[in-house]
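Asker: Structure file structure-v3.pdb (PDB, C-alpha atoms) right here:
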```pdb
ATOM      1  CA  MET R  25      -2.292   9.014 -24.593
ATOM      2  CA  ASP R  26       0.594   8.821 -27.089
ATOM      3  CA  LYS R  27       4.120   8.073 -25.943
ATOM      4  CA  GLU R  28       5.394  11.587 -26.451
ATOM      5  CA  GLU R  29       2.703  13.074 -24.234
ATOM      6  CA  LEU R  30       3.214  10.335 -21.655
ATOM      7  CA  GLY R  31       6.959  10.955 -21.611
ATOM      8  CA  ARG R  32       6.358  14.645 -21.063
ATOM      9  CA  LYS R  33       3.973  13.946 -18.186
ATOM     10  CA  LEU R  34       6.344  11.516 -16.494
ATOM     11  CA  ALA R  35       9.194  14.015 -16.792
ATOM     12  CA  GLY R  36       6.882  16.595 -15.216
ATOM     13  CA  VAL R  37       6.321  14.352 -12.196
ATOM     14  CA  MET R  38      10.061  13.821 -11.789
ATOM     15  CA  ASP R  39      10.430  17.614 -11.792
ATOM     16  CA  VAL R  40       7.701  18.229  -9.214
ATOM     17  CA  VAL R  41       8.721  15.375  -6.910
ATOM     18  CA  SER R  42      12.472  15.781  -6.967
ATOM     19  CA  VAL R  43      13.054  12.836  -4.593
ATOM     20  CA  CYS R  44      11.240  10.465  -6.964
ATOM     21  CA  GLU R  45      13.765   7.857  -8.114
ATOM     22  CA  GLY R  46      11.730   6.392 -10.915
ATOM     23  CA  LEU R  47       8.418   5.952 -12.715
ATOM     24  CA  ILE R  48       7.119   2.943 -14.581
ATOM     25  CA  TYR R  49       4.007   3.039 -16.741
ATOM     26  CA  ALA R  50       2.689  -0.423 -17.509
ATOM     27  CA  LYS R  51      -0.371  -2.360 -18.519
ATOM     28  CA  THR R  52      -2.074  -4.366 -15.778
ATOM     29  CA  SER R  53      -0.998  -7.379 -17.854
ATOM     30  CA  GLY R  54       2.575  -6.484 -16.844
ATOM     31  CA  GLU R  55       3.622  -5.106 -20.246
ATOM     32  CA  ILE R  56       5.908  -2.085 -19.794
ATOM     33  CA  ILE R  57       4.914   0.966 -21.837
ATOM     34  CA  MET R  58       7.498   3.376 -20.489
ATOM     35  CA  GLY R  59       9.924   3.422 -17.600
ATOM     36  CA  GLN R  60      12.560   5.780 -16.309
ATOM     37  CA  THR R  61      14.548   5.029 -13.167
ATOM     38  CA  LEU R  62      17.645   6.749 -11.811
ATOM     39  CA  LEU R  63      19.344   3.422 -11.184
ATOM     40  CA  GLU R  64      19.166   0.701 -13.783
ATOM     41  CA  MET R  65      16.351  -1.617 -12.758
ATOM     42  CA  ASP R  66      14.357  -4.432 -14.316
ATOM     43  CA  HIS R  67      11.070  -2.579 -14.799
ATOM     44  CA  ALA R  68       9.083  -5.679 -15.711
ATOM     45  CA  ALA R  69      10.269  -7.454 -12.571
ATOM     46  CA  ILE R  70       9.005  -4.541 -10.471
ATOM     47  CA  ALA R  71       5.659  -4.332 -12.278
ATOM     48  CA  LYS R  72       4.892  -8.047 -12.103
ATOM     49  CA  PRO R  73       4.366  -8.500  -8.336
ATOM     50  CA  ILE R  74       2.325  -5.286  -8.310
ATOM     51  CA  THR R  75       0.010  -6.513 -11.067
ATOM     52  CA  GLU R  76      -0.529  -9.590  -8.902
ATOM     53  CA  MET R  77      -1.369  -7.442  -5.877
ATOM     54  CA  PHE R  78      -3.948  -5.494  -7.875
ATOM     55  CA  LYS R  79      -5.681  -8.759  -8.764
ATOM     56  CA  ARG R  80      -6.432  -9.460  -5.092
ATOM     57  CA  GLU R  81      -9.837  -8.674  -3.724
ATOM     58  CA  ILE R  82     -10.566  -7.715  -0.142
ATOM     59  CA  ASN R  83     -14.330  -7.892  -0.430
ATOM     60  CA  SER R  84     -14.895  -8.544   3.247
ATOM     61  CA  ALA R  85     -13.704  -5.035   4.086
ATOM     62  CA  GLN R  86     -16.694  -3.689   2.129
ATOM     63  CA  LYS R  87     -14.672  -0.889   0.555
ATOM     64  CA  GLY R  88     -14.894  -1.803  -3.122
ATOM     65  CA  SER R  89     -11.923  -2.400  -5.409
ATOM     66  CA  ILE R  90      -8.246  -1.618  -4.872
ATOM     67  CA  THR R  91      -7.256   1.607  -6.629
ATOM     68  CA  ASP R  92      -3.737   2.220  -5.350
ATOM     69  CA  PHE R  93      -0.949   0.901  -3.160
ATOM     70  CA  THR R  94       1.664   2.562  -1.018
ATOM     71  CA  ILE R  95       4.191  -0.141  -0.228
ATOM     72  CA  GLY R  96       6.541   0.635   2.629
ATOM     73  CA  MET R  97       9.859  -1.150   2.357
ATOM     74  CA  ASP R  98      13.045  -1.279   4.431
ATOM     75  CA  LYS R  99      14.795   1.317   2.311
ATOM     76  CA  GLY R 100      12.099   3.172   0.422
ATOM     77  CA  ILE R 101       8.514   3.293  -0.712
ATOM     78  CA  LEU R 102       6.790   2.091  -3.867
ATOM     79  CA  LEU R 103       3.561   3.714  -5.011
ATOM     80  CA  ALA R 104       1.247   2.185  -7.564
ATOM     81  CA  VAL R 105      -1.959   3.554  -9.032
ATOM     82  CA  LYS R 106      -4.305   1.628 -11.313
ATOM     83  CA  LYS R 107      -6.963   2.868 -13.709
ATOM     84  CA  ASP R 108      -8.738   0.467 -16.047
ATOM     85  CA  GLU R 109      -5.964  -1.502 -17.819
ATOM     86  CA  SER R 110      -3.115   0.888 -16.972
ATOM     87  CA  MET R 111      -0.951   1.314 -13.927
ATOM     88  CA  LEU R 112       1.703   3.756 -12.913
ATOM     89  CA  ILE R 113       4.413   2.949 -10.377
ATOM     90  CA  GLY R 114       6.557   5.480  -8.523
ATOM     91  CA  ILE R 115       9.724   4.774  -6.557
ATOM     92  CA  LEU R 116      10.855   6.749  -3.532
ATOM     93  CA  GLY R 117      14.009   6.293  -1.499
ATOM     94  CA  GLU R 118      14.464   6.648   2.247
ATOM     95  CA  ASP R 119      14.354  10.424   1.909
ATOM     96  CA  GLY R 120      10.974  10.246   0.177
ATOM     97  CA  LYS R 121       8.691   9.630   3.168
ATOM     98  CA  GLY R 122       7.456  13.192   3.235
ATOM     99  CA  SER R 123       6.575  13.120  -0.473
ATOM    100  CA  VAL R 124       4.215  10.129  -0.525
ATOM    101  CA  GLY R 125       1.035  12.216  -0.654
ATOM    102  CA  LEU R 126       2.376  14.543  -3.320
ATOM    103  CA  LEU R 127       3.619  11.743  -5.568
ATOM    104  CA  LEU R 128       0.391   9.764  -5.136
ATOM    105  CA  ARG R 129      -1.622  12.766  -6.297
ATOM    106  CA  GLN R 130       0.677  13.268  -9.272
ATOM    107  CA  LEU R 131       0.359   9.626 -10.319
ATOM    108  CA  LYS R 132      -3.435   9.725  -9.985
ATOM    109  CA  ASN R 133      -3.565  12.892 -12.075
ATOM    110  CA  ILE R 134      -1.773  11.229 -14.965
ATOM    111  CA  LEU R 135      -4.068   8.200 -14.976
ATOM    112  CA  LYS R 136      -7.353  10.028 -14.517
TER     113      LYS R 136
ATOM    114  CA  MET T  29       2.276  -9.357  24.450
ATOM    115  CA  ASP T  30      -0.686 -10.888  26.320
ATOM    116  CA  LYS T  31      -4.226 -10.450  25.077
ATOM    117  CA  GLU T  32      -5.237  -8.020  27.779
ATOM    118  CA  GLU T  33      -2.378  -5.666  26.981
ATOM    119  CA  LEU T  34      -3.016  -6.035  23.261
ATOM    120  CA  GLY T  35      -6.709  -5.241  23.730
ATOM    121  CA  ARG T  36      -5.804  -2.137  25.699
ATOM    122  CA  LYS T  37      -3.388  -0.980  22.999
ATOM    123  CA  LEU T  38      -5.891  -1.532  20.187
ATOM    124  CA  ALA T  39      -8.548   0.380  22.129
ATOM    125  CA  GLY T  40      -5.991   3.172  22.551
ATOM    126  CA  VAL T  41      -5.536   3.408  18.779
ATOM    127  CA  MET T  42      -9.297   3.555  18.224
ATOM    128  CA  ASP T  43      -9.362   6.456  20.708
ATOM    129  CA  VAL T  44      -6.523   8.393  19.068
ATOM    130  CA  VAL T  45      -7.697   7.807  15.490
ATOM    131  CA  SER T  46     -11.402   8.356  15.905
ATOM    132  CA  VAL T  47     -12.171   7.712  12.213
ATOM    133  CA  CYS T  48     -10.603   4.241  12.421
ATOM    134  CA  GLU T  49     -13.343   1.707  11.665
ATOM    135  CA  GLY T  50     -11.516  -1.361  12.800
ATOM    136  CA  LEU T  51      -8.310  -3.129  13.763
ATOM    137  CA  ILE T  52      -7.286  -6.715  13.177
ATOM    138  CA  TYR T  53      -4.251  -8.282  14.803
ATOM    139  CA  ALA T  54      -3.221 -11.504  13.102
ATOM    140  CA  LYS T  55      -0.347 -13.852  12.516
ATOM    141  CA  THR T  56       1.275 -13.724   9.081
ATOM    142  CA  SER T  57      -0.092 -17.258   8.711
ATOM    143  CA  GLY T  58      -3.557 -15.658   8.650
ATOM    144  CA  GLU T  59      -4.576 -16.748  12.154
ATOM    145  CA  ILE T  60      -6.616 -14.006  13.836
ATOM    146  CA  ILE T  61      -5.444 -13.100  17.340
ATOM    147  CA  MET T  62      -7.801 -10.206  17.969
ATOM    148  CA  GLY T  63     -10.138  -8.096  15.881
ATOM    149  CA  GLN T  64     -12.542  -5.284  16.504
ATOM    150  CA  THR T  65     -14.485  -3.649  13.674
ATOM    151  CA  LEU T  66     -17.409  -1.233  13.848
ATOM    152  CA  LEU T  67     -19.346  -3.217  11.274
ATOM    153  CA  GLU T  68     -19.455  -6.973  11.465
ATOM    154  CA  MET T  69     -16.793  -8.277   9.101
ATOM    155  CA  ASP T  70     -15.063 -11.554   8.390
ATOM    156  CA  HIS T  71     -11.668 -10.729   9.873
ATOM    157  CA  ALA T  72      -9.951 -13.820   8.489
ATOM    158  CA  ALA T  73     -11.176 -13.020   4.962
ATOM    159  CA  ILE T  74      -9.635  -9.553   5.251
ATOM    160  CA  ALA T  75      -6.334 -10.836   6.656
ATOM    161  CA  LYS T  76      -5.858 -13.593   4.080
ATOM    162  CA  PRO T  77      -5.254 -11.518   0.913
ATOM    163  CA  ILE T  78      -2.973  -9.222   2.923
ATOM    164  CA  THR T  79      -0.836 -12.130   4.160
ATOM    165  CA  GLU T  80      -0.476 -13.101   0.489
ATOM    166  CA  MET T  81       0.619  -9.567  -0.420
ATOM    167  CA  PHE T  82       3.279  -9.586   2.295
ATOM    168  CA  LYS T  83       4.722 -12.765   0.785
ATOM    169  CA  ARG T  84       5.532 -10.950  -2.473
ATOM    170  CA  GLU T  85       9.026  -9.719  -3.098
ATOM    171  CA  ILE T  86       9.931  -6.732  -5.220
ATOM    172  CA  ASN T  87      13.667  -7.342  -5.231
ATOM    173  CA  SER T  88      14.270  -5.483  -8.463
ATOM    174  CA  ALA T  89      13.385  -2.205  -6.761
ATOM    175  CA  GLN T  90      16.430  -2.691  -4.495
ATOM    176  CA  LYS T  91      14.563  -1.443  -1.433
ATOM    177  CA  GLY T  92      14.609  -4.540   0.767
ATOM    178  CA  SER T  93      11.538  -6.245   2.218
ATOM    179  CA  ILE T  94       7.963  -5.024   2.414
ATOM    180  CA  THR T  95       7.180  -3.658   5.877
ATOM    181  CA  ASP T  96       3.747  -2.093   5.401
ATOM    182  CA  PHE T  97       0.922  -1.465   2.958
ATOM    183  CA  THR T  98      -1.493   1.393   2.499
ATOM    184  CA  ILE T  99      -4.191   0.067   0.205
ATOM    185  CA  GLY T 100      -6.405   2.708  -1.384
ATOM    186  CA  MET T 101      -9.852   1.417  -2.247
ATOM    187  CA  ASP T 102     -12.976   2.910  -3.832
ATOM    188  CA  LYS T 103     -14.568   3.645  -0.471
ATOM    189  CA  GLY T 104     -11.802   3.606   2.089
ATOM    190  CA  ILE T 105      -8.252   2.677   2.934
ATOM    191  CA  LEU T 106      -6.717  -0.415   4.500
ATOM    192  CA  LEU T 107      -3.410  -0.188   6.325
ATOM    193  CA  ALA T 108      -1.291  -3.173   7.202
ATOM    194  CA  VAL T 109       1.967  -3.344   9.125
ATOM    195  CA  LYS T 110       4.090  -6.451   9.524
ATOM    196  CA  LYS T 111       6.779  -7.279  12.078
ATOM    197  CA  ASP T 112       8.281 -10.765  12.238
ATOM    198  CA  GLU T 113       5.326 -13.170  12.385
ATOM    199  CA  SER T 114       2.689 -10.607  13.376
ATOM    200  CA  MET T 115       0.655  -8.146  11.406
ATOM    201  CA  LEU T 116      -1.784  -5.425  12.302
ATOM    202  CA  ILE T 117      -4.470  -4.188   9.931
ATOM    203  CA  GLY T 118      -6.357  -0.906  10.241
ATOM    204  CA  ILE T 119      -9.508   0.087   8.368
ATOM    205  CA  LEU T 120     -10.388   3.645   7.390
ATOM    206  CA  GLY T 121     -13.524   4.860   5.642
ATOM    207  CA  GLU T 122     -13.836   7.595   3.036
ATOM    208  CA  ASP T 123     -13.439  10.234   5.748
ATOM    209  CA  GLY T 124     -10.140   8.699   6.847
ATOM    210  CA  LYS T 125      -7.824   9.985   4.100
ATOM    211  CA  GLY T 126      -6.319  12.635   6.341
ATOM    212  CA  SER T 127      -5.550  10.100   9.065
ATOM    213  CA  VAL T 128      -3.432   7.633   7.109
ATOM    214  CA  GLY T 129      -0.102   8.880   8.467
ATOM    215  CA  LEU T 130      -1.339   9.005  12.049
ATOM    216  CA  LEU T 131      -2.851   5.528  11.960
ATOM    217  CA  LEU T 132       0.216   4.061  10.258
ATOM    218  CA  ARG T 133       2.430   5.425  13.026
ATOM    219  CA  GLN T 134       0.090   4.046  15.690
ATOM    220  CA  LEU T 135       0.097   0.583  14.105
ATOM    221  CA  LYS T 136       3.900   0.589  13.810
ATOM    222  CA  ASN T 137       4.207   1.628  17.444
ATOM    223  CA  ILE T 138       2.215  -1.375  18.606
ATOM    224  CA  LEU T 139       4.269  -3.844  16.581
ATOM    225  CA  LYS T 140       7.695  -2.423  17.318
TER     226      LYS T 140
END
```
As structure tokens, please, write out the structure in this file.
Answerer:
Amino acid sequence: MDKEELGRKLAGVMDVVSVCEGLIYAKTSGEIIMGQTLLEMDHAAIAKPITEMFKREINSAQKGSITDFTIGMDKGILLAVKKDESMLIGILGEDGKGSVGLLLRQLKNILK
Amino acid sequence: MDKEELGRKLAGVMDVVSVCEGLIYAKTSGEIIMGQTLLEMDHAAIAKPITEMFKREINSAQKGSITDFTIGMDKGILLAVKKDESMLIGILGEDGKGSVGLLLRQLKNILK
């Protein structure tokens, strides 16, 4: 996917999920390909701990590999979806609780 | 909360969320307090990577601390809720996608 197409798709997600505060497209190595956040944020510093989480294995649960995370936080929710060497992170604020399912689907659609 | 009360509450969750395949109550140190899973599983080996995930900080997202995880996997979903030094993990199979919100609320209710 070239950057122009990616940019268009990310803008489309921001349109559909109006409470989405930001999207970060990165390599699982942590390299940022594209990021857009309402507030100025250090995109690499957000992606890094999430790349580490994706490296974990929970084999004992017998459910296979980790494909996505929904990370509940005090004042918002981070979503992260991984496919091969790419990952896509979405940021929701406190008003975004009802949009988790919608945003997760949107993120998965872009990476599929 | 004593073990009898805890056991009763966990059984209550399994009743309400009939697709729930297991619950593990542990300390954030990884020590297992109580676990019940349909299939035999190594509860400590499930709790350990999740305790490590809770230790991560994503400060750059400006959303505070991590309170819970929903971990999508190839063949199911793991939920984990943390409060102070305790955490509660729930296991859903492939048929459990529609019950994520319900189970998450149940887990939070027990820890609150």
Asker: Might you pull out every residue within 7 Å of range 82-91 of chain R, with all atoms listed in the file counted and same-chain residues fewer than 6 positions away left off, and present them as a compact mmCIF listing (two decimals) with C-alpha atoms, keeping the file's coordinate frame?
Answerer:
```
# COMPACT_ATOMS: atom_id res chain seq x y z
CA VAL R 105 -1.96 3.55 -9.03
CA LYS R 106 -4.30 1.63 -11.31
CA MET T 69 -16.79 -8.28 9.10
CA ASP T 70 -15.06 -11.55 8.39
CA ALA T 73 -11.18 -13.02 4.96
CA ILE T 74 -9.64 -9.55 5.25
CA PRO T 77 -5.25 -11.52 0.91
CA ILE T 99 -4.19 0.07 0.20
CA GLY T 100 -6.40 2.71 -1.38
CA MET T 101 -9.85 1.42 -2.25
CA ASP T 102 -12.98 2.91 -3.83
CA LYS T 103 -14.57 3.64 -0.47
CA GLY T 104 -11.80 3.61 2.09
```
Asker: If you apply the PyMOL selection byres ((chain R and resi 121) around 12) to this file, what residues do you get, as a ChimeraX atom specification?
Answerer: /R:41,43-44,94-103,115-120,122-128 /T:129
Asker: Mind giving me the straight-line distance from CA of Glu81 in chain R to CA of Lys83 in chain T in Å, one decimal?
Answerer: 15.8 Å
Asker: Smallest atom-to-atom distance to chain T: which of R:Lys33, R:Lys51, R:Lys72, R:Lys27, using only C-alpha atoms?
Answerer: R:Lys72
Asker: Mind fitting chain R to chain T by least squares on all Cα atoms in order and giving back the moved coordinates as a PDB file with C-alpha atoms, in the coordinates of the input?
Answerer:
```pdb
ATOM      1  CA  MET R  25       2.280  -9.361  24.465  1.00  0.00           C
ATOM      2  CA  ASP R  26      -0.682 -10.907  26.317  1.00  0.00           C
ATOM      3  CA  LYS R  27      -4.221 -10.456  25.062  1.00  0.00           C
ATOM      4  CA  GLU R  28      -5.234  -8.032  27.770  1.00  0.00           C
ATOM      5  CA  GLU R  29      -2.374  -5.674  26.976  1.00  0.00           C
ATOM      6  CA  LEU R  30      -3.022  -6.027  23.252  1.00  0.00           C
ATOM      7  CA  GLY R  31      -6.705  -5.241  23.730  1.00  0.00           C
ATOM      8  CA  ARG R  32      -5.805  -2.143  25.696  1.00  0.00           C
ATOM      9  CA  LYS R  33      -3.401  -0.984  22.989  1.00  0.00           C
ATOM     10  CA  LEU R  34      -5.903  -1.537  20.193  1.00  0.00           C
ATOM     11  CA  ALA R  35      -8.559   0.377  22.126  1.00  0.00           C
ATOM     12  CA  GLY R  36      -6.011   3.174  22.541  1.00  0.00           C
ATOM     13  CA  VAL R  37      -5.540   3.399  18.773  1.00  0.00           C
ATOM     14  CA  MET R  38      -9.296   3.551  18.227  1.00  0.00           C
ATOM     15  CA  ASP R  39      -9.371   6.444  20.706  1.00  0.00           C
ATOM     16  CA  VAL R  40      -6.531   8.375  19.071  1.00  0.00           C
ATOM     17  CA  VAL R  41      -7.702   7.795  15.495  1.00  0.00           C
ATOM     18  CA  SER R  42     -11.411   8.354  15.911  1.00  0.00           C
ATOM     19  CA  VAL R  43     -12.151   7.717  12.210  1.00  0.00           C
ATOM     20  CA  CYS R  44     -10.594   4.244  12.416  1.00  0.00           C
ATOM     21  CA  GLU R  45     -13.344   1.719  11.665  1.00  0.00           C
ATOM     22  CA  GLY R  46     -11.509  -1.366  12.780  1.00  0.00           C
ATOM     23  CA  LEU R  47      -8.293  -3.125  13.765  1.00  0.00           C
ATOM     24  CA  ILE R  48      -7.284  -6.712  13.188  1.00  0.00           C
ATOM     25  CA  TYR R  49      -4.236  -8.284  14.800  1.00  0.00           C
ATOM     26  CA  ALA R  50      -3.212 -11.502  13.094  1.00  0.00           C
ATOM     27  CA  LYS R  51      -0.341 -13.858  12.513  1.00  0.00           C
ATOM     28  CA  THR R  52       1.279 -13.723   9.078  1.00  0.00           C
ATOM     29  CA  SER R  53      -0.085 -17.267   8.726  1.00  0.00           C
ATOM     30  CA  GLY R  54      -3.548 -15.659   8.644  1.00  0.00           C
ATOM     31  CA  GLU R  55      -4.582 -16.749  12.153  1.00  0.00           C
ATOM     32  CA  ILE R  56      -6.614 -13.996  13.840  1.00  0.00           C
ATOM     33  CA  ILE R  57      -5.445 -13.095  17.347  1.00  0.00           C
ATOM     34  CA  MET R  58      -7.796 -10.198  17.965  1.00  0.00           C
ATOM     35  CA  GLY R  59     -10.128  -8.097  15.872  1.00  0.00           C
ATOM     36  CA  GLN R  60     -12.536  -5.273  16.501  1.00  0.00           C
ATOM     37  CA  THR R  61     -14.487  -3.643  13.685  1.00  0.00           C
ATOM     38  CA  LEU R  62     -17.402  -1.223  13.863  1.00  0.00           C
ATOM     39  CA  LEU R  63     -19.334  -3.199  11.273  1.00  0.00           C
ATOM     40  CA  GLU R  64     -19.441  -6.959  11.471  1.00  0.00           C
ATOM     41  CA  MET R  65     -16.785  -8.261   9.104  1.00  0.00           C
ATOM     42  CA  ASP R  66     -15.060 -11.555   8.399  1.00  0.00           C
ATOM     43  CA  HIS R  67     -11.654 -10.723   9.876  1.00  0.00           C
ATOM     44  CA  ALA R  68      -9.940 -13.812   8.495  1.00  0.00           C
ATOM     45  CA  ALA R  69     -11.170 -13.020   4.991  1.00  0.00           C
ATOM     46  CA  ILE R  70      -9.625  -9.550   5.255  1.00  0.00           C
ATOM     47  CA  ALA R  71      -6.326 -10.825   6.666  1.00  0.00           C
ATOM     48  CA  LYS R  72      -5.843 -13.578   4.096  1.00  0.00           C
ATOM     49  CA  PRO R  73      -5.247 -11.511   0.926  1.00  0.00           C
ATOM     50  CA  ILE R  74      -2.964  -9.223   2.938  1.00  0.00           C
ATOM     51  CA  THR R  75      -0.830 -12.121   4.166  1.00  0.00           C
ATOM     52  CA  GLU R  76      -0.469 -13.080   0.506  1.00  0.00           C
ATOM     53  CA  MET R  77       0.620  -9.555  -0.418  1.00  0.00           C
ATOM     54  CA  PHE R  78       3.284  -9.581   2.291  1.00  0.00           C
ATOM     55  CA  LYS R  79       4.733 -12.760   0.793  1.00  0.00           C
ATOM     56  CA  ARG R  80       5.532 -10.960  -2.472  1.00  0.00           C
ATOM     57  CA  GLU R  81       9.025  -9.738  -3.097  1.00  0.00           C
ATOM     58  CA  ILE R  82       9.927  -6.740  -5.214  1.00  0.00           C
ATOM     59  CA  ASN R  83      13.656  -7.352  -5.219  1.00  0.00           C
ATOM     60  CA  SER R  84      14.273  -5.497  -8.450  1.00  0.00           C
ATOM     61  CA  ALA R  85      13.381  -2.207  -6.771  1.00  0.00           C
ATOM     62  CA  GLN R  86      16.410  -2.693  -4.496  1.00  0.00           C
ATOM     63  CA  LYS R  87      14.566  -1.445  -1.422  1.00  0.00           C
ATOM     64  CA  GLY R  88      14.613  -4.544   0.768  1.00  0.00           C
ATOM     65  CA  SER R  89      11.541  -6.254   2.202  1.00  0.00           C
ATOM     66  CA  ILE R  90       7.952  -5.030   2.409  1.00  0.00           C
ATOM     67  CA  THR R  91       7.165  -3.659   5.868  1.00  0.00           C
ATOM     68  CA  ASP R  92       3.741  -2.093   5.397  1.00  0.00           C
ATOM     69  CA  PHE R  93       0.923  -1.450   2.957  1.00  0.00           C
ATOM     70  CA  THR R  94      -1.492   1.400   2.487  1.00  0.00           C
ATOM     71  CA  ILE R  95      -4.197   0.065   0.202  1.00  0.00           C
ATOM     72  CA  GLY R  96      -6.398   2.691  -1.394  1.00  0.00           C
ATOM     73  CA  MET R  97      -9.851   1.421  -2.253  1.00  0.00           C
ATOM     74  CA  ASP R  98     -12.977   2.918  -3.820  1.00  0.00           C
ATOM     75  CA  LYS R  99     -14.580   3.636  -0.472  1.00  0.00           C
ATOM     76  CA  GLY R 100     -11.804   3.602   2.091  1.00  0.00           C
ATOM     77  CA  ILE R 101      -8.254   2.679   2.927  1.00  0.00           C
ATOM     78  CA  LEU R 102      -6.718  -0.414   4.491  1.00  0.00           C
ATOM     79  CA  LEU R 103      -3.407  -0.180   6.322  1.00  0.00           C
ATOM     80  CA  ALA R 104      -1.291  -3.175   7.199  1.00  0.00           C
ATOM     81  CA  VAL R 105       1.968  -3.342   9.111  1.00  0.00           C
ATOM     82  CA  LYS R 106       4.092  -6.462   9.523  1.00  0.00           C
ATOM     83  CA  LYS R 107       6.769  -7.288  12.071  1.00  0.00           C
ATOM     84  CA  ASP R 108       8.286 -10.760  12.233  1.00  0.00           C
ATOM     85  CA  GLU R 109       5.319 -13.186  12.378  1.00  0.00           C
ATOM     86  CA  SER R 110       2.689 -10.609  13.371  1.00  0.00           C
ATOM     87  CA  MET R 111       0.651  -8.140  11.399  1.00  0.00           C
ATOM     88  CA  LEU R 112      -1.776  -5.431  12.294  1.00  0.00           C
ATOM     89  CA  ILE R 113      -4.467  -4.182   9.922  1.00  0.00           C
ATOM     90  CA  GLY R 114      -6.356  -0.899  10.222  1.00  0.00           C
ATOM     91  CA  ILE R 115      -9.511   0.091   8.362  1.00  0.00           C
ATOM     92  CA  LEU R 116     -10.400   3.638   7.383  1.00  0.00           C
ATOM     93  CA  GLY R 117     -13.521   4.858   5.634  1.00  0.00           C
ATOM     94  CA  GLU R 118     -13.840   7.598   3.034  1.00  0.00           C
ATOM     95  CA  ASP R 119     -13.449  10.223   5.743  1.00  0.00           C
ATOM     96  CA  GLY R 120     -10.143   8.702   6.845  1.00  0.00           C
ATOM     97  CA  LYS R 121      -7.831  10.005   4.108  1.00  0.00           C
ATOM     98  CA  GLY R 122      -6.323  12.645   6.338  1.00  0.00           C
ATOM     99  CA  SER R 123      -5.555  10.112   9.080  1.00  0.00           C
ATOM    100  CA  VAL R 124      -3.436   7.635   7.107  1.00  0.00           C
ATOM    101  CA  GLY R 125      -0.109   8.884   8.470  1.00  0.00           C
ATOM    102  CA  LEU R 126      -1.341   9.012  12.046  1.00  0.00           C
ATOM    103  CA  LEU R 127      -2.860   5.530  11.967  1.00  0.00           C
ATOM    104  CA  LEU R 128       0.216   4.066  10.260  1.00  0.00           C
ATOM    105  CA  ARG R 129       2.421   5.425  13.035  1.00  0.00           C
ATOM    106  CA  GLN R 130       0.085   4.047  15.686  1.00  0.00           C
ATOM    107  CA  LEU R 131       0.090   0.589  14.103  1.00  0.00           C
ATOM    108  CA  LYS R 132       3.889   0.588  13.805  1.00  0.00           C
ATOM    109  CA  ASN R 133       4.204   1.612  17.447  1.00  0.00           C
ATOM    110  CA  ILE R 134       2.207  -1.386  18.611  1.00  0.00           C
ATOM    111  CA  LEU R 135       4.260  -3.859  16.584  1.00  0.00           C
ATOM    112  CA  LYS R 136       7.688  -2.432  17.329  1.00  0.00           C
TER     113      LYS R 136
END
```
Asker: Which one of R:Glu45, R:Asp39, R:Glu55, R:Asp92 sits closest to Ala68 in chain R if you count all atoms listed in the file?
Answerer: R:Glu55
Asker: Using CA of Tyr49 in chain R and CA of Lys132 in chain R as the two end points, give the distance in Å to one decimal.
Answerer: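 Interatomic distance, CA of Tyr49 in chain R to CA of Lys132 in chain R: 12.1 Å.
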Asker: Can you measure CA of Ser57 in chain T to CA of Asp30 in chain T for me? One decimal in Å is fine.
Answerer: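 So the answer is 18.7 Å.
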Asker: Measuring atom to atom with all atoms listed in the file, identify which of T:Glu32, T:Ile60, T:Leu66, T:Phe97 is nearest to Ser46 in chain T.
Answerer: T:Leu66
Asker: For each of R:Lys107, R:Arg129, R:Met77, R:Leu135, take the minimum atom-to-atom distance to chain T, counting only C-alpha atoms, then give the residue where this is smallest.
Answerer: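 Among R:Lys107, R:Arg129, R:Met77, R:Leu135, it is R:Met77 that comes nearest to chain T.
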Asker: Translate the PyMOL selection byres ((chain T and resi 63) around 10), as applied to the file shown, into an explicit residue set as a list in words.
Answerer: Gly35, Leu38, Gly50, Leu51, Ile52, Tyr53, Ala54, Ile60, Ile61, Met62, Gln64, Thr65, Met69, Asp70, His71, Ala72, Leu116, Ile117 and Gly118 of chain T
Asker: Please, can range 41-46 of chain R be completed to N, CA, C and O atoms and returned as a short mmCIF file (atom, residue, chain, number, x, y, z; two decimals), in the frame of the given file?
Answerer:
```cif
data_model
loop_
_atom_site.label_atom_id
_atom_site.label_comp_id
_atom_site.auth_asym_id
_atom_site.auth_seq_id
_atom_site.Cartn_x
_atom_site.Cartn_y
_atom_site.Cartn_z
N VAL R 41 8.33 16.18 -8.08
CA VAL R 41 8.72 15.38 -6.91
C VAL R 41 10.19 15.00 -7.09
O VAL R 41 10.54 13.94 -7.60
N SER R 42 11.05 15.92 -6.63
CA SER R 42 12.47 15.78 -6.97
C SER R 42 13.09 14.55 -6.31
O SER R 42 14.11 14.05 -6.78
N VAL R 43 12.50 14.04 -5.23
CA VAL R 43 13.05 12.84 -4.59
C VAL R 43 12.59 11.55 -5.27
O VAL R 43 13.01 10.46 -4.87
N CYS R 44 11.72 11.66 -6.26
CA CYS R 44 11.24 10.46 -6.96
C CYS R 44 12.40 9.83 -7.74
O CYS R 44 13.07 10.49 -8.52
N GLU R 45 12.62 8.55 -7.50
CA GLU R 45 13.76 7.86 -8.11
C GLU R 45 13.39 7.12 -9.39
O GLU R 45 14.25 6.57 -10.07
N GLY R 46 12.09 7.08 -9.69
CA GLY R 46 11.73 6.39 -10.92
C GLY R 46 10.23 6.28 -11.10
O GLY R 46 9.46 6.37 -10.13
#
```
